[in-house]
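A.B. asks: Next up is a structure, given as structure tokens.
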Amino acid sequence: MYAYDEIDRTLINERVSEFRDQVKRRLSGELTEDEFKMLRLQNGVYLQLHAYMFRIAIPYGTLSSAQLRRLAHVARRYDRGYGHFTTRQNIQFNWIKLAELPDALADLAEVGIHSMQTSGNNTRNVTSDQWAGVAPGEIEDPRIWSEVLRQYTTLHPEFSFLPRKFKFAITAHAHDRAAIKIHDIGLRLHKNEQSETGFEVLVGGGLGRTPFIAKTIRPFIHGRDILSYVEAIMRVYNRYGRRDNIYKARIKILVHELGIEKFAQEVEEEWQQIRDGALRLDDDTIEDIRSRFSYPTYEKLPHMPEELRKAAHDPLFERWRRNAVFPHKATGYSIVTISLKPVGGPPGDATADQMDALADLADKYSFGEIRVGHEQNLALPHVARRDLPELWKALDKIGLATPNVNLVSDIIACPGLDYCSLANARSIPIAQELTRRFANHDTANLIGRLHINISGCINACGHHHVGHIGILGVEKNGEEFYQITIGGRADEKAELGVLIGPAVPYNEVADVIEDIVEAYLALRATPDELFVDTVKRLGVEPFRERVYATR
Amino acid sequence: MTSPLEQKKIKITQPSVVTANRTWDGAVIYRTAGSRWSTDLNEAAVVRAADEARSLLAESVADDLGAVGAYIAPVEIDEGGTIAPGNLRELIRATGVTIGLPVQESVEV
Amino acid sequence: MPLVKGGKIQTDEYVHVADDAELPEAGAVLVSATRFLADPERVLRRREKVGVIWPNNRDVEDLVPYVERLALVALVFPSFRDGRAYSQARLLRERYFFRGELRATGQVLRDQFVFMLRAGFDAFEVKKQADAEAYAQTVKRYSVFYQPTGDGRVAAPFRRLQLRHSESAGL
């Protein structure tokens with residue numbers, strides 16, 4: 001957990017005052033909507049179908065129990081009793097009133113939560129691996145560097161009015177859980193031959209209308225140079241990114257149009273001018289940030305405690321344990337993923353009651369810490385294995401123990417037409433129906449790891465391009481239709497999915513997905529061959545045949 | 001439905017109303033014949049031709065303080081004269097999300 | 001549009017001369033980049049105060065040979081959403097050591113004052129009278145800053161180290 005100091009808190013409070021003044025000027029008519037829109041977006045306030053939507057930042061997906069309780073409070077006091085966790089580790093509230101927003105922000109500021117730059121053409125939440133700091137095999141905690149970047153990018157005077165939004169992600173593990181390759185800047189922390197910490201820098205990833213996988217611009221930049229290097233990239237983008245067409249304004253387009261070599265050259269030329277300047281990080285500065293991250297003092301615990309041995313007789317507990325519990329770098333501990341994908345429920349939502357209960361469980365079993373993943377699930381990062389049976393019982397009581405993590409019913413979906421003014425079609429009901437079709441956990445386990453991503457429009461907030469199965473809502477003659485892609489991935493082997501055929505209507509989507517899954521089960525070389533690997537091996541054709549044979 | 005906020009040309013193929021969101025709380029509102037806003041679709045002024053629509057929209061947009069994001073939305077009118085939303089998007093705006101929610105309340109009317 | 005300079009609303013001493021108009025005999029003049037670059041010596045001759053309006057879609061590097069001799073550079077925000085002039089401002093100040101008046105023109109609202117100051121602007125052609133009048137108050141909105149720019153304000157990392165050093169020194 002990162003402890004905010006006086007400076008961090010002051011900044012958040014000053015921001016709240018500023019926004020309070022801006023809201024006042026809007027509601028008095030001093031500011032027109034045209035002038036206000038950008039200001040509210042810079043504070044994460046969207047206008048959606050029914051109401052304003054308020055997006056709150058959860059930096060690199062880390063929350064304290066006090067913070068989670070405060071989110072529950074906001075849900076109750078200012079919204080309709082629930083919140084939605086997003087594909088960028090943030091949380092959204094859908095019914096917030098503009099006039100009450102400054103108060104909500106003030107309440108959040110008290111626990112160090114803000115909404116700065118969660119929308120608008122600026123630098124957004126720096127996301128990371130939700131297992132940062134606890135995953136075995138991690139090189140170093142990427143959140144330290146995420147925090148360095150967060151501070152650097154917050155209210156940066158030069159880069160607050162970019163051509164378009166700008167997203168960072170950092171991973172420090174061979175297995176990329178942060179999806180860095182679909183970000184504007186992706187950073188892979190690693191050590192060079194001299195054992196110095198640095199980053200592979202990738203640029204130009206992003207989904208939406210023109211999806212791109214990020215390209216490596218520099219295989220290694222030393223940690224101390226990361227800010228100056230990022231500044232060089234941002235400056236080239238701010239100066240030369242397109243501003244004439246919002247669909248061509250992301251850095252991925254600039255990289256594509258210049259070519260990665262030319263782009264790298266421009267960045268290098270700029271960087272040479274600033275590399276030795278004030279942005280060069282010295283060890284003291286990095287240490288200062290690192291020192292304000294606190295880590296639990298782990299006990300020396302056995303890997304197989306008595307409590308766990310006893311509970312192994314309970315098949316329901318075992319099913320959950322095998323699905324949702326992951327190895328921890330400290331012996332005797334585990335990482336527990338909390339599924340927010342109950343059968344029949346909207347993916348990624350949690351009620352205020354669930355949030356409060358989870359905060360209590362975090363205090364009891366996880367040193368007061370909770371994580372948010374871009375798969376729209378939560379995690380308790382420091383659970384002693386001896387506590388797993390008791391934890392499971394408590395989670396089960398509040399509906400947070402669905403054993404479907406990473407399985408077919410662990411669906412990632414954007415809010416879609418039920419909420420979003422940009423959407424062409426609904427996504428949540430599709431997800432709900434799919435969880436019902438695949439509610440049988442034995443079947444789901446038989447199928448194995450399978451990521452379904454649903455987006456209600458081409459903006460791709462559901463990341464459908466990189467789903468093992470991707471579902472994209474489109475509109476045809478006023479009706480909801482869906483394009484299906486397969487074979488996408490968001491990890492270190494990131495790839496865009498391939499369209500299997502013409503769009504299908506709303507009421508056929510679940511059937512189509514069942515057909516695809518059936519085809520996979522019939523075609524897979526072994527039970528261990530994952531869906532996405534079968535697609536890689538065989539291509540799209542066999543699936544296309546199966547789905548469209550009778551359509 | 002493709003966001004009508006991207007509408008550039010105004011084309012009326014069926015009875016339509018002007019709708020927006022109320023500035024201070026984001027509630028869904030409809031422009032009335034009396035140059036006010038109402039949260040009740042059945043108090044909305046109905047337009048049937050492009051120039052009517054254009055002028056109603058212009059007048060609505062001019063109320064920058066009261067409303068945000070005004071646009072023209074299709075409706076259906078039954079024999080009794082009751083106005084109903086004319087597509088799925090407007091249905092959702094008028095009646096709320098289509099999914100079951102833990103503490104869902106319908107939009108205040 | 002009111003001009004804010006030195007922290008308050010002031011009359012503009014510069015006369016904006018159209019491209020096809022004669023340059024006045026004396027006094028501060030503000031000309032377009034096109035006119036200036038067509039014959040810079042002619043514009044600069046026998047004149048102390050020359051200002052150039054530089055468009056935001058043109059590299060400031062083209063202006064660099066003249067920065068020592070220009071009293072004013074006016075950069076442009078065609079829309080408050082278009083942030084190219086922030087980069088231009090920082091480069092002029094921090095890389096090319098422009099020391100004259102750096103003026104923000106175009107769509108300038110009070111909510112950009114702090115960003116603009118930090119980027120190196122010291123004069124503002126403000127869109128709204130009320131915003132110009134609120135300048136002094138608005139620039140006090142923020143007292144902490146995370147990143148160093150050329151504006152001389154102490155950025156957070158340095159402030160923290162200063163605090164730690166003074167703590168350890170027993171101050």
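Identifiers in the structure tokens: chain A, B, ... in order shown; residue index from 1 per chain; ligand index from 1 in order shown.
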Just the strand (DSSP E or B) stuff from stretch 14-112 of chain C, please, per backbone DSSP, written as number ranges by chain.

C.D. replies: C: 15-16, 29-32, 50-54, 72-77, 101-106

A.B. asks: Grab the residues selected above and save them as an mmCIF file, in the first residue's frame with N, CA and C atoms.

C.D. replies:
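File written: again.cif
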```cif
data_model
loop_
_atom_site.group_PDB
_atom_site.id
_atom_site.type_symbol
_atom_site.label_atom_id
_atom_site.label_comp_id
_atom_site.auth_asym_id
_atom_site.auth_seq_id
_atom_site.Cartn_x
_atom_site.Cartn_y
_atom_site.Cartn_z
ATOM 1 N N VAL C 15 0.776 46.850 -30.975
ATOM 2 C CA VAL C 15 -0.213 47.071 -32.018
ATOM 3 C C VAL C 15 -0.137 45.888 -32.979
ATOM 4 N N HIS C 16 -1.275 45.267 -33.173
ATOM 5 C CA HIS C 16 -1.310 44.127 -34.084
ATOM 6 C C HIS C 16 -1.424 44.671 -35.511
ATOM 7 N N VAL C 29 5.173 46.433 -32.073
ATOM 8 C CA VAL C 29 4.316 45.832 -33.088
ATOM 9 C C VAL C 29 4.256 44.316 -32.929
ATOM 10 N N LEU C 30 3.092 43.813 -33.303
ATOM 11 C CA LEU C 30 2.875 42.371 -33.278
ATOM 12 C C LEU C 30 2.484 41.963 -34.687
ATOM 13 N N VAL C 31 3.296 41.078 -35.282
ATOM 14 C CA VAL C 31 3.020 40.658 -36.658
ATOM 15 C C VAL C 31 2.876 39.151 -36.739
ATOM 16 N N SER C 32 2.319 38.713 -37.871
ATOM 17 C CA SER C 32 2.148 37.275 -38.062
ATOM 18 C C SER C 32 3.495 36.635 -38.398
ATOM 19 N N VAL C 50 9.415 44.002 -30.907
ATOM 20 C CA VAL C 50 8.746 43.269 -31.969
ATOM 21 C C VAL C 50 8.188 41.971 -31.405
ATOM 22 N N GLY C 51 6.925 41.733 -31.766
ATOM 23 C CA GLY C 51 6.317 40.476 -31.344
ATOM 24 C C GLY C 51 5.864 39.687 -32.554
ATOM 25 N N VAL C 52 5.897 38.355 -32.446
ATOM 26 C CA VAL C 52 5.460 37.482 -33.530
ATOM 27 C C VAL C 52 4.369 36.551 -33.012
ATOM 28 N N ILE C 53 3.312 36.412 -33.829
ATOM 29 C CA ILE C 53 2.280 35.418 -33.494
ATOM 30 C C ILE C 53 2.671 34.123 -34.189
ATOM 31 N N TRP C 54 2.907 33.120 -33.398
ATOM 32 C CA TRP C 54 3.397 31.863 -33.984
ATOM 33 C C TRP C 54 2.283 30.820 -33.954
ATOM 34 N N LEU C 72 8.428 39.711 -27.789
ATOM 35 C CA LEU C 72 7.171 39.029 -27.519
ATOM 36 C C LEU C 72 6.993 37.880 -28.496
ATOM 37 N N VAL C 73 6.589 36.734 -27.990
ATOM 38 C CA VAL C 73 6.088 35.666 -28.850
ATOM 39 C C VAL C 73 4.688 35.327 -28.360
ATOM 40 N N ALA C 74 3.742 35.395 -29.279
ATOM 41 C CA ALA C 74 2.373 35.036 -28.930
ATOM 42 C C ALA C 74 2.078 33.652 -29.504
ATOM 43 N N LEU C 75 1.729 32.727 -28.669
ATOM 44 C CA LEU C 75 1.369 31.380 -29.112
ATOM 45 C C LEU C 75 -0.144 31.252 -29.092
ATOM 46 N N VAL C 76 -0.618 30.238 -29.817
ATOM 47 C CA VAL C 76 -2.054 30.189 -30.088
ATOM 48 C C VAL C 76 -2.725 28.922 -29.575
ATOM 49 N N PHE C 77 -3.871 29.116 -28.938
ATOM 50 C CA PHE C 77 -4.743 28.006 -28.567
ATOM 51 C C PHE C 77 -6.029 28.155 -29.370
ATOM 52 N N GLU C 101 8.361 38.356 -23.471
ATOM 53 C CA GLU C 101 6.999 38.069 -23.052
ATOM 54 C C GLU C 101 6.482 36.887 -23.860
ATOM 55 N N LEU C 102 5.941 35.901 -23.166
ATOM 56 C CA LEU C 102 5.350 34.741 -23.832
ATOM 57 C C LEU C 102 3.854 34.791 -23.556
ATOM 58 N N ARG C 103 3.103 35.055 -24.610
ATOM 59 C CA ARG C 103 1.697 35.376 -24.441
ATOM 60 C C ARG C 103 0.822 34.241 -24.960
ATOM 61 N N ALA C 104 -0.187 33.885 -24.183
ATOM 62 C CA ALA C 104 -1.167 32.880 -24.611
ATOM 63 C C ALA C 104 -2.335 33.611 -25.256
ATOM 64 N N THR C 105 -2.658 33.224 -26.490
ATOM 65 C CA THR C 105 -3.783 33.845 -27.170
ATOM 66 C C THR C 105 -4.725 32.765 -27.691
ATOM 67 N N GLY C 106 -5.888 33.207 -28.156
ATOM 68 C CA GLY C 106 -6.864 32.249 -28.662
ATOM 69 C C GLY C 106 -7.898 31.992 -27.594
#
```

A.B. asks: Restrict the distance test to only C-alpha atoms, flag each residue of chain A within 10 Å of chain B, and return the flagged residues as an NGL selection string.

C.D. replies: :A and (23 or 26-34 or 37 or 46-53 or 80-82 or 95-101 or 344-346 or 349-352 or 417-426 or 428-429 or 432 or 456-457 or 473-480)

A.B. asks: Which polymer residues have any atom within 12 Å of an atom of B:Leu41, counting only C-alpha atoms, with same-chain residues fewer than 6 positions away left out, as a PyMOL selection string?

C.D. replies: chain B and resi 16-20+28-33+73-77+81-86+90-91+93-95+109

A.B. asks: Could you check how far atom CA of A:Gly539 sits from atom CA of A:Leu496, in Å to one decimal?

C.D. replies: 13.1 Å

A.B. asks: Please identify all polymer residues within 10 Å of A:Arg55, counting only C-alpha atoms, omitting same-chain residues fewer than 4 positions from it, and present them as a ChimeraX atom specification.

C.D. replies: /A:41,43-46,83-86,90-94,114-119

A.B. asks: Would you kindly report the residues of chain A within 10 Å of chain C, using only C-alpha atoms, as a short mmCIF file (atom, residue, chain, number, x, y, z; two decimals) with N, CA and C atoms, in the first residue's frame?

C.D. replies:
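Dumped everything to part-v9.cif:
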```cif
data_model
loop_
_atom_site.label_atom_id
_atom_site.label_comp_id
_atom_site.auth_asym_id
_atom_site.auth_seq_id
_atom_site.Cartn_x
_atom_site.Cartn_y
_atom_site.Cartn_z
N ASP A 5 1.47 11.29 1.20
CA ASP A 5 2.02 12.25 2.16
C ASP A 5 1.29 13.58 2.02
N GLU A 6 1.76 14.54 2.73
CA GLU A 6 1.15 15.87 2.76
C GLU A 6 0.99 16.44 1.36
N ILE A 7 2.01 16.24 0.54
CA ILE A 7 1.99 16.79 -0.81
C ILE A 7 0.89 16.14 -1.63
N ASP A 8 0.80 14.81 -1.58
CA ASP A 8 -0.23 14.10 -2.33
C ASP A 8 -1.61 14.53 -1.88
N ARG A 9 -1.80 14.63 -0.56
CA ARG A 9 -3.12 14.98 -0.05
C ARG A 9 -3.49 16.41 -0.42
N THR A 10 -2.51 17.28 -0.34
CA THR A 10 -2.78 18.69 -0.68
C THR A 10 -3.23 18.80 -2.13
N LEU A 11 -2.57 18.09 -3.00
CA LEU A 11 -2.93 18.16 -4.42
C LEU A 11 -4.36 17.70 -4.65
N ILE A 12 -4.72 16.59 -4.03
CA ILE A 12 -6.08 16.08 -4.19
C ILE A 12 -7.09 17.10 -3.68
N ASN A 13 -6.81 17.69 -2.52
CA ASN A 13 -7.75 18.65 -1.95
C ASN A 13 -7.87 19.92 -2.80
N GLU A 14 -6.75 20.35 -3.34
CA GLU A 14 -6.79 21.53 -4.20
C GLU A 14 -7.59 21.24 -5.46
N ARG A 15 -7.47 20.02 -5.94
CA ARG A 15 -8.22 19.63 -7.10
C ARG A 15 -9.72 19.64 -6.81
N SER A 17 -11.30 21.45 -4.61
CA SER A 17 -11.74 22.86 -4.56
C SER A 17 -11.93 23.43 -5.94
N GLU A 18 -10.99 23.13 -6.80
CA GLU A 18 -11.08 23.66 -8.15
C GLU A 18 -12.33 23.15 -8.85
N PHE A 19 -12.59 21.86 -8.70
CA PHE A 19 -13.75 21.30 -9.37
C PHE A 19 -15.04 21.83 -8.76
N GLN A 22 -15.64 24.96 -10.43
CA GLN A 22 -16.04 24.77 -11.82
C GLN A 22 -17.50 24.33 -11.92
N GLU A 30 -22.18 30.57 -15.80
CA GLU A 30 -20.95 31.28 -16.15
C GLU A 30 -20.11 30.50 -17.15
N LEU A 31 -20.20 29.16 -17.03
CA LEU A 31 -19.51 28.29 -17.97
C LEU A 31 -20.54 27.62 -18.85
N GLU A 35 -17.59 24.68 -22.69
CA GLU A 35 -16.39 25.00 -21.91
C GLU A 35 -16.23 24.03 -20.74
N PHE A 36 -17.35 23.61 -20.19
CA PHE A 36 -17.30 22.78 -18.99
C PHE A 36 -16.98 21.33 -19.29
N MET A 38 -14.90 19.66 -21.09
CA MET A 38 -13.52 19.22 -20.95
C MET A 38 -13.10 19.20 -19.48
N LEU A 39 -13.57 20.16 -18.71
CA LEU A 39 -13.21 20.23 -17.30
C LEU A 39 -13.81 19.06 -16.54
N GLY A 120 -11.01 12.25 -20.61
CA GLY A 120 -10.43 13.40 -21.28
C GLY A 120 -9.19 13.04 -22.07
N ASN A 121 -8.68 14.03 -22.80
CA ASN A 121 -7.51 13.79 -23.65
C ASN A 121 -6.24 14.07 -22.88
N VAL A 148 5.54 6.35 -9.54
CA VAL A 148 6.43 7.38 -10.11
C VAL A 148 5.78 8.00 -11.34
N ARG A 150 2.57 7.85 -12.12
CA ARG A 150 1.31 8.50 -11.77
C ARG A 150 1.56 9.95 -11.37
N GLN A 151 2.56 10.14 -10.52
CA GLN A 151 2.85 11.50 -10.08
C GLN A 151 3.32 12.36 -11.26
N TYR A 152 4.20 11.79 -12.03
CA TYR A 152 4.73 12.56 -13.16
C TYR A 152 3.63 13.00 -14.12
N THR A 153 2.64 12.13 -14.34
CA THR A 153 1.61 12.44 -15.34
C THR A 153 0.43 13.23 -14.77
N THR A 154 0.37 13.38 -13.45
CA THR A 154 -0.79 14.06 -12.87
C THR A 154 -0.67 15.57 -12.99
N LEU A 155 -1.64 16.17 -13.66
CA LEU A 155 -1.67 17.61 -13.88
C LEU A 155 -0.36 18.10 -14.51
N HIS A 156 0.14 17.32 -15.45
CA HIS A 156 1.32 17.74 -16.19
C HIS A 156 0.92 18.91 -17.08
N PRO A 157 1.55 20.06 -16.93
CA PRO A 157 1.08 21.25 -17.65
C PRO A 157 1.22 21.14 -19.16
N GLU A 158 2.18 20.36 -19.62
CA GLU A 158 2.38 20.29 -21.07
C GLU A 158 1.46 19.27 -21.72
N PHE A 159 1.05 18.24 -20.98
CA PHE A 159 0.38 17.11 -21.59
C PHE A 159 -1.06 16.92 -21.10
N SER A 160 -1.72 17.99 -20.73
CA SER A 160 -3.10 17.87 -20.28
C SER A 160 -4.11 18.10 -21.39
N PHE A 161 -3.62 18.43 -22.57
CA PHE A 161 -4.54 18.68 -23.70
C PHE A 161 -3.97 17.99 -24.93
N LEU A 162 -3.90 16.69 -24.83
CA LEU A 162 -3.33 15.87 -25.89
C LEU A 162 -4.32 15.73 -27.04
N PRO A 163 -3.86 15.19 -28.20
CA PRO A 163 -4.81 14.93 -29.27
C PRO A 163 -5.93 13.98 -28.85
N ARG A 164 -5.56 13.06 -27.94
CA ARG A 164 -6.54 12.05 -27.54
C ARG A 164 -6.08 11.45 -26.22
N LEU A 227 11.40 8.64 -16.91
CA LEU A 227 10.55 9.83 -17.02
C LEU A 227 10.98 10.72 -18.18
N MET A 234 5.89 11.68 -25.18
CA MET A 234 4.69 12.50 -25.04
C MET A 234 4.83 13.80 -25.84
N ARG A 235 6.02 14.36 -25.84
CA ARG A 235 6.19 15.64 -26.54
C ARG A 235 6.05 15.44 -28.04
N VAL A 236 6.64 14.38 -28.55
CA VAL A 236 6.49 14.09 -29.99
C VAL A 236 5.01 13.90 -30.32
N TYR A 237 4.30 13.18 -29.47
CA TYR A 237 2.88 12.95 -29.69
C TYR A 237 2.08 14.25 -29.59
N ASN A 238 2.36 15.04 -28.56
CA ASN A 238 1.60 16.29 -28.38
C ASN A 238 1.80 17.23 -29.56
N ARG A 239 3.02 17.23 -30.11
CA ARG A 239 3.32 18.15 -31.22
C ARG A 239 2.75 17.64 -32.54
N TYR A 240 2.84 16.33 -32.77
CA TYR A 240 2.57 15.82 -34.10
C TYR A 240 1.39 14.86 -34.22
N GLY A 241 0.77 14.50 -33.10
CA GLY A 241 -0.41 13.66 -33.21
C GLY A 241 -1.52 14.39 -33.95
N ARG A 243 -4.90 16.09 -34.98
CA ARG A 243 -5.99 16.71 -34.23
C ARG A 243 -7.17 17.00 -35.12
N GLN A 273 18.05 15.57 -25.89
CA GLN A 273 18.09 16.95 -25.40
C GLN A 273 17.73 17.06 -23.93
N ILE A 274 17.00 16.09 -23.42
CA ILE A 274 16.47 16.26 -22.05
C ILE A 274 16.93 15.18 -21.09
N GLY A 277 18.47 16.19 -17.80
CA GLY A 277 17.80 17.30 -17.11
C GLY A 277 17.14 16.87 -15.80
N ALA A 278 16.19 17.68 -15.38
CA ALA A 278 15.57 17.51 -14.06
C ALA A 278 14.76 16.23 -13.93
N LEU A 279 14.44 15.59 -15.04
CA LEU A 279 13.63 14.38 -14.95
C LEU A 279 14.43 13.12 -14.70
N LEU A 281 15.95 10.45 -12.77
CA LEU A 281 15.61 10.01 -11.42
C LEU A 281 16.86 9.58 -10.68
N ASP A 284 17.79 8.43 -4.60
CA ASP A 284 17.06 8.96 -3.45
C ASP A 284 15.57 9.10 -3.74
N THR A 285 15.28 9.64 -4.90
CA THR A 285 13.88 9.87 -5.25
C THR A 285 13.13 8.55 -5.38
N ILE A 286 13.77 7.59 -6.02
CA ILE A 286 13.12 6.29 -6.17
C ILE A 286 12.94 5.64 -4.81
N ASP A 288 12.61 7.11 -1.99
CA ASP A 288 11.57 7.82 -1.27
C ASP A 288 10.19 7.25 -1.61
N ILE A 289 9.95 7.03 -2.89
CA ILE A 289 8.67 6.44 -3.29
C ILE A 289 8.57 5.02 -2.75
#
```

A.B. asks: Find the distance between atom CA of A:Thr534 and atom CA of A:Tyr520 and write it in Å to one decimal.

C.D. replies: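 Separation of atom CA of A:Thr534 and atom CA of A:Tyr520: 7.1 Å.
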
A.B. asks: What is the atom CA of C:Val108-atom CA of C:Ile9 distance in Å, reported with one decimal?

C.D. replies: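 That distance, rounded to one decimal, is 14.2 Å.
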
A.B. asks: Taking only C-alpha atoms into account, name the residue in A:Ile253, A:Ala75, A:Ile335, A:Ala109 that is nearest to A:Ala135.

C.D. replies: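 So, comparing all the options, the nearest one is A:Ile335.
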
A.B. asks: Could you check which of A:Val201, A:Leu530, A:Ile221, A:Val325 is closest to A:Gly186, using only C-alpha atoms?

C.D. replies: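 Residue with the minimum atom-to-atom distance to A:Gly186: A:Val201.
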
A.B. asks: With distances taken over only C-alpha atoms, which of A:Glu369, A:Asp244, A:Asp533, A:Glu318 is nearest to A:Ser65?

C.D. replies: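 Ranked by minimum distance to A:Ser65, first place goes to A:Glu369.
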
A.B. asks: Could you pull the residues within 10 Å of A:His73, counting only C-alpha atoms, minus those fewer than 6 positions along the same chain, as a PyMOL selection string?

C.D. replies: chain A and resi 67+79+81-82+104+107-108+352-353+355-356
